[in-house]
>>> print(open('upload-v9.cif').read())   # mmCIF, C-alpha atoms
data_target
loop_
_atom_site.label_atom_id
_atom_site.label_comp_id
_atom_site.auth_asym_id
_atom_site.auth_seq_id
_atom_site.Cartn_x
_atom_site.Cartn_y
_atom_site.Cartn_z
CA MET C 1 15.46 32.63 3.95
CA LEU C 2 18.05 29.86 3.71
CA LYS C 3 17.31 26.90 1.47
CA GLU C 4 17.30 24.53 4.45
CA GLU C 5 14.77 26.71 6.28
CA ARG C 6 12.55 26.91 3.21
CA GLN C 7 12.63 23.16 2.68
CA GLN C 8 11.75 22.53 6.33
CA ILE C 9 8.75 24.84 5.93
CA ILE C 10 7.73 22.90 2.82
CA LEU C 11 8.00 19.63 4.72
CA ASP C 12 5.97 21.00 7.65
CA MET C 13 3.26 22.19 5.23
CA LEU C 14 3.16 18.78 3.55
CA ILE C 15 2.81 16.94 6.85
CA LYS C 16 -0.03 19.24 7.88
CA GLU C 17 -1.88 19.45 4.55
CA GLY C 18 -1.12 16.09 2.91
CA LYS C 19 -0.56 17.60 -0.55
CA LEU C 20 1.23 20.63 -2.01
CA VAL C 21 0.75 22.46 -5.31
CA ALA C 22 3.96 23.97 -6.71
CA ALA C 23 2.32 27.11 -8.12
CA GLU C 24 0.70 27.87 -4.75
CA LEU C 25 3.96 27.22 -2.91
CA SER C 26 5.67 29.84 -5.03
CA SER C 27 3.24 32.47 -3.81
CA ARG C 28 3.15 31.30 -0.22
CA LEU C 29 6.94 31.26 0.10
CA ASN C 30 7.48 34.37 -2.06
CA VAL C 31 9.99 32.63 -4.32
CA SER C 32 10.01 31.72 -8.01
CA GLU C 33 8.39 28.55 -9.35
CA ASP C 34 11.85 27.44 -10.53
CA THR C 35 13.07 27.63 -6.92
CA VAL C 36 10.09 25.60 -5.72
CA ARG C 37 10.59 22.95 -8.40
CA ARG C 38 14.29 22.73 -7.51
CA ASP C 39 13.45 22.35 -3.82
CA LEU C 40 10.91 19.64 -4.53
CA ARG C 41 13.37 17.80 -6.78
CA GLU C 42 16.07 17.88 -4.11
CA MET C 43 13.66 16.78 -1.40
CA ASP C 44 12.37 13.94 -3.59
CA ASN C 45 15.93 12.75 -4.20
CA ALA C 46 16.52 12.82 -0.45
CA GLY C 47 13.39 10.72 0.17
CA LEU C 48 11.64 13.48 2.11
CA LEU C 49 8.61 13.61 -0.19
CA HIS C 50 7.29 12.20 -3.46
CA ARG C 51 7.29 14.72 -6.30
CA VAL C 52 4.32 14.47 -8.67
CA HIS C 53 3.20 16.56 -11.62
CA GLY C 54 2.39 20.02 -10.28
CA GLY C 55 3.39 19.43 -6.69
CA ALA C 56 4.27 16.87 -4.03
CA LEU C 57 2.80 14.18 -1.79
CA PRO C 58 4.11 12.56 1.40
CA SER C 59 6.79 10.01 0.62
CA SER C 60 6.20 6.30 0.93
CA PRO C 61 7.45 4.52 4.06
CA THR C 62 11.17 3.84 4.17
CA LEU C 63 12.17 0.70 2.32
CA ALA C 64 13.34 -2.10 4.61
CA SER C 65 13.88 -5.84 4.45
CA PHE C 66 10.88 -8.14 4.78
CA GLY C 67 12.08 -9.23 8.23
CA ASP C 68 12.39 -5.64 9.42
CA ARG C 69 8.95 -4.76 8.07
CA GLU C 70 7.46 -7.81 9.76
CA ARG C 71 8.67 -6.59 13.16
CA LEU C 72 7.58 -2.99 12.53
CA GLY C 73 4.12 -2.37 13.97
CA ALA C 74 3.57 -6.11 14.45
CA GLU C 75 0.91 -5.69 17.13
CA ALA C 76 -1.16 -3.30 15.00
CA LYS C 77 -0.93 -5.61 11.98
CA MET C 78 -2.08 -8.55 14.10
CA SER C 79 -5.13 -6.58 15.20
CA LEU C 80 -6.05 -5.69 11.61
CA ALA C 81 -5.49 -9.31 10.52
CA GLN C 82 -7.87 -10.61 13.18
CA GLY C 83 -10.51 -8.30 11.77
CA ALA C 84 -9.80 -9.40 8.22
CA THR C 85 -10.35 -13.08 8.99
CA SER C 86 -13.98 -12.32 9.88
CA LEU C 87 -14.55 -11.69 6.15
CA ILE C 88 -13.41 -15.20 5.15
CA ARG C 89 -16.01 -17.92 4.55
CA SER C 90 -15.46 -21.65 4.08
CA GLY C 91 -15.45 -22.77 0.45
CA GLN C 92 -13.97 -19.55 -0.91
CA VAL C 93 -11.07 -19.20 -3.31
CA ILE C 94 -8.76 -16.54 -1.90
CA LEU C 95 -5.82 -14.70 -3.48
CA MET C 96 -3.22 -13.59 -0.96
CA ASP C 97 -0.55 -11.16 -2.03
CA GLY C 98 2.83 -11.15 -0.34
CA SER C 99 3.25 -8.61 2.44
CA THR C 100 3.80 -8.54 6.18
CA THR C 101 0.12 -7.79 6.72
CA THR C 102 -1.13 -10.69 4.58
CA LEU C 103 1.28 -12.95 6.44
CA GLN C 104 -0.50 -11.95 9.65
CA ILE C 105 -3.83 -12.90 8.03
CA ALA C 106 -2.43 -16.33 7.19
CA LYS C 107 -1.43 -16.76 10.83
CA ALA C 108 -4.87 -15.69 12.06
CA ILE C 109 -7.23 -17.80 9.89
CA PRO C 110 -9.34 -19.90 12.28
CA ALA C 111 -8.83 -23.67 12.20
CA HIS C 112 -12.48 -24.36 11.28
CA ILE C 113 -12.20 -22.50 7.94
CA SER C 114 -11.86 -24.63 4.79
CA ALA C 115 -10.76 -22.69 1.71
CA THR C 116 -8.34 -22.55 -1.19
CA VAL C 117 -5.58 -19.94 -0.96
CA ILE C 118 -3.56 -18.99 -4.03
CA THR C 119 -0.48 -16.92 -3.28
CA ASN C 120 2.77 -15.65 -4.75
CA SER C 121 4.28 -15.43 -1.27
CA PRO C 122 6.48 -18.29 0.02
CA PRO C 123 6.14 -17.08 3.65
CA VAL C 124 2.33 -17.12 3.36
CA ALA C 125 2.38 -20.59 1.75
CA VAL C 126 4.66 -21.98 4.47
CA GLU C 127 2.49 -20.47 7.21
CA LEU C 128 -0.66 -22.02 5.73
CA ALA C 129 0.99 -25.42 5.23
CA GLY C 130 0.10 -26.26 8.82
CA HIS C 131 -3.53 -25.16 8.58
CA PRO C 132 -5.87 -28.18 8.60
CA GLY C 133 -8.49 -26.77 6.24
CA ILE C 134 -6.56 -24.62 3.75
CA GLU C 135 -5.49 -25.96 0.36
CA VAL C 136 -2.51 -23.92 -0.84
CA THR C 137 -1.50 -23.18 -4.43
CA MET C 138 1.72 -21.32 -5.17
CA LEU C 139 2.07 -19.00 -8.16
CA GLY C 140 5.31 -19.42 -10.08
CA GLY C 141 7.83 -16.83 -11.14
CA LYS C 142 11.13 -15.32 -10.11
CA LEU C 143 11.55 -14.65 -6.39
CA PHE C 144 11.83 -10.93 -5.63
CA LYS C 145 13.95 -11.07 -2.51
CA ASP C 146 13.05 -7.62 -1.12
CA SER C 147 9.40 -8.58 -0.67
CA LEU C 148 9.70 -12.40 -0.77
CA VAL C 149 7.16 -12.75 -3.60
CA ASN C 150 7.19 -14.52 -6.95
CA LEU C 151 6.90 -12.08 -9.85
CA GLY C 152 7.02 -12.07 -13.63
CA PRO C 153 5.11 -13.43 -16.66
CA ALA C 154 4.54 -16.88 -15.14
CA ALA C 155 2.64 -15.48 -12.16
CA ILE C 156 0.63 -13.08 -14.32
CA GLN C 157 -0.30 -15.81 -16.81
CA GLU C 158 -1.56 -18.09 -14.04
CA LEU C 159 -3.61 -15.26 -12.53
CA GLN C 160 -5.39 -14.70 -15.84
CA HIS C 161 -7.07 -18.09 -15.40
CA ILE C 162 -8.23 -17.52 -11.82
CA ARG C 163 -11.47 -16.01 -10.55
CA ALA C 164 -11.18 -15.58 -6.78
CA ASP C 165 -13.86 -14.68 -4.28
CA LEU C 166 -11.49 -12.52 -2.21
CA CYS C 167 -8.11 -10.92 -2.70
CA PHE C 168 -6.09 -9.75 0.28
CA LEU C 169 -3.82 -7.15 -1.28
CA GLY C 170 -0.61 -5.86 0.23
CA VAL C 171 -0.59 -2.07 0.00
CA TYR C 172 2.65 -0.08 0.18
CA CYS C 173 1.10 3.36 -0.45
CA ILE C 174 -2.44 4.59 -0.98
CA HIS C 175 -3.79 8.05 -1.76
CA PRO C 176 -7.43 8.91 -2.56
CA GLU C 177 -6.41 10.92 -5.62
CA PHE C 178 -3.30 9.09 -6.86
CA GLY C 179 -4.33 5.55 -5.99
CA ILE C 180 -2.42 2.46 -4.87
CA SER C 181 1.29 2.65 -5.65
CA LEU C 182 4.64 1.09 -4.83
CA PRO C 183 8.36 1.45 -5.56
CA HIS C 184 8.78 -1.60 -7.85
CA ASN C 185 7.07 -1.86 -11.23
CA ASP C 186 7.27 -5.68 -11.45
CA GLU C 187 5.17 -5.97 -8.29
CA ALA C 188 2.60 -3.58 -9.76
CA PHE C 189 1.91 -5.92 -12.72
CA VAL C 190 1.16 -8.88 -10.44
CA LYS C 191 -1.03 -6.83 -8.11
CA ARG C 192 -3.06 -5.56 -11.08
CA ALA C 193 -3.64 -9.14 -12.24
CA MET C 194 -4.78 -10.11 -8.74
CA ILE C 195 -7.24 -7.22 -8.64
CA ALA C 196 -8.59 -8.11 -12.09
CA GLY C 197 -9.15 -11.73 -11.07
CA SER C 198 -11.04 -11.10 -7.82
CA SER C 199 -14.66 -10.36 -6.97
CA GLU C 200 -13.67 -8.46 -3.82
CA VAL C 201 -10.36 -6.77 -3.02
CA ILE C 202 -9.47 -6.14 0.60
CA ALA C 203 -6.45 -4.24 1.89
CA LEU C 204 -5.08 -3.93 5.40
CA VAL C 205 -3.60 -0.44 5.61
CA THR C 206 -1.59 0.84 8.56
CA PRO C 207 -1.92 4.60 9.19
CA ASP C 208 1.59 5.41 7.91
CA LYS C 209 0.59 4.30 4.39
CA LEU C 210 -2.50 6.48 4.08
CA GLY C 211 -2.10 9.58 1.92
CA THR C 212 1.30 8.50 0.58
CA SER C 213 2.53 7.85 -2.93
CA ALA C 214 5.29 5.94 -4.74
CA PRO C 215 6.46 5.97 -8.38
CA PHE C 216 4.50 3.00 -9.82
CA VAL C 217 0.71 3.09 -9.74
CA VAL C 218 -1.10 -0.23 -9.35
CA ALA C 219 -4.71 0.94 -9.58
CA PRO C 220 -7.03 3.70 -8.37
CA ALA C 221 -7.99 3.52 -4.71
CA SER C 222 -11.53 2.65 -5.84
CA ALA C 223 -10.22 -0.75 -6.99
CA LEU C 224 -10.56 -1.75 -3.34
CA THR C 225 -13.83 -3.17 -2.11
CA CYS C 226 -12.81 -2.83 1.51
CA MET C 227 -10.02 -1.17 3.46
CA ILE C 228 -9.21 -2.23 7.01
CA THR C 229 -7.25 0.24 9.09
CA SER C 230 -6.64 1.43 12.63
CA ASN C 231 -9.40 2.95 14.74
CA GLU C 232 -6.94 5.76 15.50
CA VAL C 233 -7.26 7.20 11.96
CA PRO C 234 -9.54 10.29 12.02
CA GLU C 235 -12.65 10.40 9.86
CA ASN C 236 -11.45 13.36 7.76
CA ILE C 237 -8.60 11.16 6.48
CA LEU C 238 -10.94 8.26 5.68
CA LEU C 239 -13.83 10.22 4.13
CA PRO C 240 -12.23 10.59 0.65
CA TYR C 241 -11.92 6.79 0.49
CA ARG C 242 -15.50 6.23 1.63
CA GLU C 243 -16.67 8.69 -1.04
CA GLN C 244 -15.14 6.40 -3.67
CA GLY C 245 -17.38 3.55 -2.54
CA ILE C 246 -14.77 1.76 -0.43
CA THR C 247 -16.05 0.11 2.72
CA VAL C 248 -13.73 1.26 5.52
CA ILE C 249 -13.51 -0.90 8.65
CA GLN C 250 -11.53 0.21 11.69
CA TYR C 251 -10.05 -1.95 14.43
#
>>> encode(input="upload-v9.cif", output="structure tokens")
Amino acid sequence: MLKEERQQIILDMLIKEGKLVAAELSSRLNVSEDTVRRDLREMDNAGLLHRVHGGALPSSPTLASFGDRERLGAEAKMSLAQGATSLIRSGQVILMDGSTTTLQIAKAIPAHISATVITNSPPVAVELAGHPGIEVTMLGGKLFKDSLVNLGPAAIQELQHIRADLCFLGVYCIHPEFGISLPHNDEAFVKRAMIAGSSEVIALVTPDKLGTSAPFVVAPASALTCMITSNEVPENILLPYREQGITVIQY
């Protein structure tokens, strides 16, 4: 079998099964474990999968600019955001992370809601500036241009003095076993501080992010109180999250 053929088989298996164990692959493909590890390393470098200790997981979605991500799946994100706003109550203090999905929440908050929103996202803050009942507080820090969020010690220090009712968390990757993860470590520190400072943590997760993994782990999946996702996601994919005590809502 040619290397290209073998790697395509590995990719097909991963898409179908959602997780691969290197030792089992060796037996299934009738090749050495060294060959399997080399294949997985090459495929990880090519962005085809995410290599983890002992095997591989589906790779995280392709990195793109904030503007490109905002246009990608915009209609689905709007639907999830409409559902998320039903969880907001007047008088709450709400942390909003920076992502294209949380931006859709900011756009969808009904005019009758009065609340305080604390965010590290300039686009979210600008969107809420026109809302009649939302008081907006911006977290400081250095602007990370890829995601349009403020990051660094200043943001983390401010978050340590906040106790929010809700946190709407942007999720890049989530896996029931390997948790919430993303490609940039600086973002992970701020997301952890947001989780630690919130009574409830809610994530809007499009189907392409489920079962995927990236290099920097933010927290276990069970850090979420609630996950909102598409009604197209089958129950067998969602069950491992429900078993961790996460409320899963589909729209």
>>> residues_around(input="upload-v9.cif", residues="C:Gly179", least_positions_apart="6", cutoff="9 Å", atoms="all atoms listed in the file", output="mmCIF file with C-alpha atoms, keeping the file's coordinate frame")
data_model
loop_
_atom_site.group_PDB
_atom_site.id
_atom_site.type_symbol
_atom_site.label_atom_id
_atom_site.label_comp_id
_atom_site.auth_asym_id
_atom_site.auth_seq_id
_atom_site.Cartn_x
_atom_site.Cartn_y
_atom_site.Cartn_z
ATOM 1 C CA CYS C 173 1.100 3.360 -0.450
ATOM 2 C CA SER C 213 2.530 7.850 -2.930
ATOM 3 C CA VAL C 217 0.710 3.090 -9.740
ATOM 4 C CA VAL C 218 -1.100 -0.230 -9.350
ATOM 5 C CA ALA C 219 -4.710 0.940 -9.580
ATOM 6 C CA PRO C 220 -7.030 3.700 -8.370
ATOM 7 C CA ALA C 221 -7.990 3.520 -4.710
ATOM 8 C CA SER C 222 -11.530 2.650 -5.840
ATOM 9 C CA ALA C 223 -10.220 -0.750 -6.990
#
>>> closest_residue(input="upload-v9.cif", among="C:Ile109, C:Val201, C:Leu210, C:Ile249", to="C:Ile237", atoms="all atoms listed in the file")
C:Leu210
>>> residues_around(input="upload-v9.cif", residues="stretch 130-135 of chain C", least_positions_apart="4", cutoff="10 Å", atoms="only C-alpha atoms", output="list in words")
Ser90, Gly91, Val93, Ala106, Lys107, Ile109, Pro110, Ala111, His112, Ile113, Ser114, Ala115, Thr116, Val117, Ile118, Ala125 and Val126 of chain C
>>> resolve_selection(input="upload-v9.cif", expression="the PyMOL selection byres ((chain C and resi 37) around 10)", output="ChimeraX atom specification")
/C:22-23,25-26,32-36,38-43,51,54-56
>>> residues_around(input="upload-v9.cif", residues="C:Thr247", least_positions_apart="6", cutoff="9 Å", atoms="only C-alpha atoms", output="ChimeraX atom specification")
/C:224-228,241
>>> closest_atom_pairs(input="upload-v9.cif", of="stretch 24-122 of chain C", to="stretch 189-200 of chain C", cutoff="12 Å", atoms="only C-alpha atoms", output="CSV")
residue,atom,partner,partner_atom,distance
C:Leu87,CA,C:Glu200,CA,10.5
C:Ile88,CA,C:Glu200,CA,11.2
C:Gln92,CA,C:Ser199,CA,11.0
C:Val93,CA,C:Ser198,CA,9.3
C:Ile94,CA,C:Ser198,CA,8.4
C:Leu95,CA,C:Met194,CA,7.1
C:Met96,CA,C:Met194,CA,8.7
C:Asp97,CA,C:Lys191,CA,7.5
C:Gly98,CA,C:Lys191,CA,9.7
C:Ser99,CA,C:Lys191,CA,11.5
C:Ile118,CA,C:Met194,CA,10.1
C:Thr119,CA,C:Met194,CA,9.7
C:Asn120,CA,C:Val190,CA,9.0
C:Ser121,CA,C:Val190,CA,11.7
>>> closest_residue(input="upload-v9.cif", among="C:Glu127, C:Glu24, C:Glu187, C:Glu158", to="C:Gly170", atoms="all atoms listed in the file")
C:Glu187
>>> closest_residue(input="upload-v9.cif", among="C:Ala214, C:Val171, C:Leu80, C:Val124", to="C:Pro58", atoms="all atoms listed in the file")
C:Ala214
>>> atom_distance(input="upload-v9.cif", atom1="atom CA of C:Lys3", atom2="atom CA of C:Pro183")
27.9 Å
>>> closest_residue(input="upload-v9.cif", among="C:Ser27, C:Ser147, C:Thr137, C:Thr212", to="C:Phe178", atoms="all atoms listed in the file")
C:Thr212
>>> atom_distance(input="upload-v9.cif", atom1="atom CA of C:Thr229", atom2="atom CA of C:Thr102")
13.3 Å
>>> atom_distance(input="upload-v9.cif", atom1="atom CA of C:Gln104", atom2="atom CA of C:Tyr172")
15.5 Å
>>> closest_residue(input="upload-v9.cif", among="C:Ala188, C:Ile174, C:Leu159, C:Leu128", to="C:Asp208", atoms="all atoms listed in the file")
C:Ile174
>>> axis_aligned_box(input="upload-v9.cif", around="stretch 128-147 of chain C", padding_each_side="3 Å", output="AutoDock Vina command-line options")
--center_x 2.7 --center_y -17.9 --center_z -1.2 --size_x 28.4 --size_y 26.6 --size_z 26.0
>>> closest_residue(input="upload-v9.cif", among="C:Ala81, C:Met138, C:Leu49, C:Leu103", to="C:Leu20", atoms="all atoms listed in the file")
C:Leu49
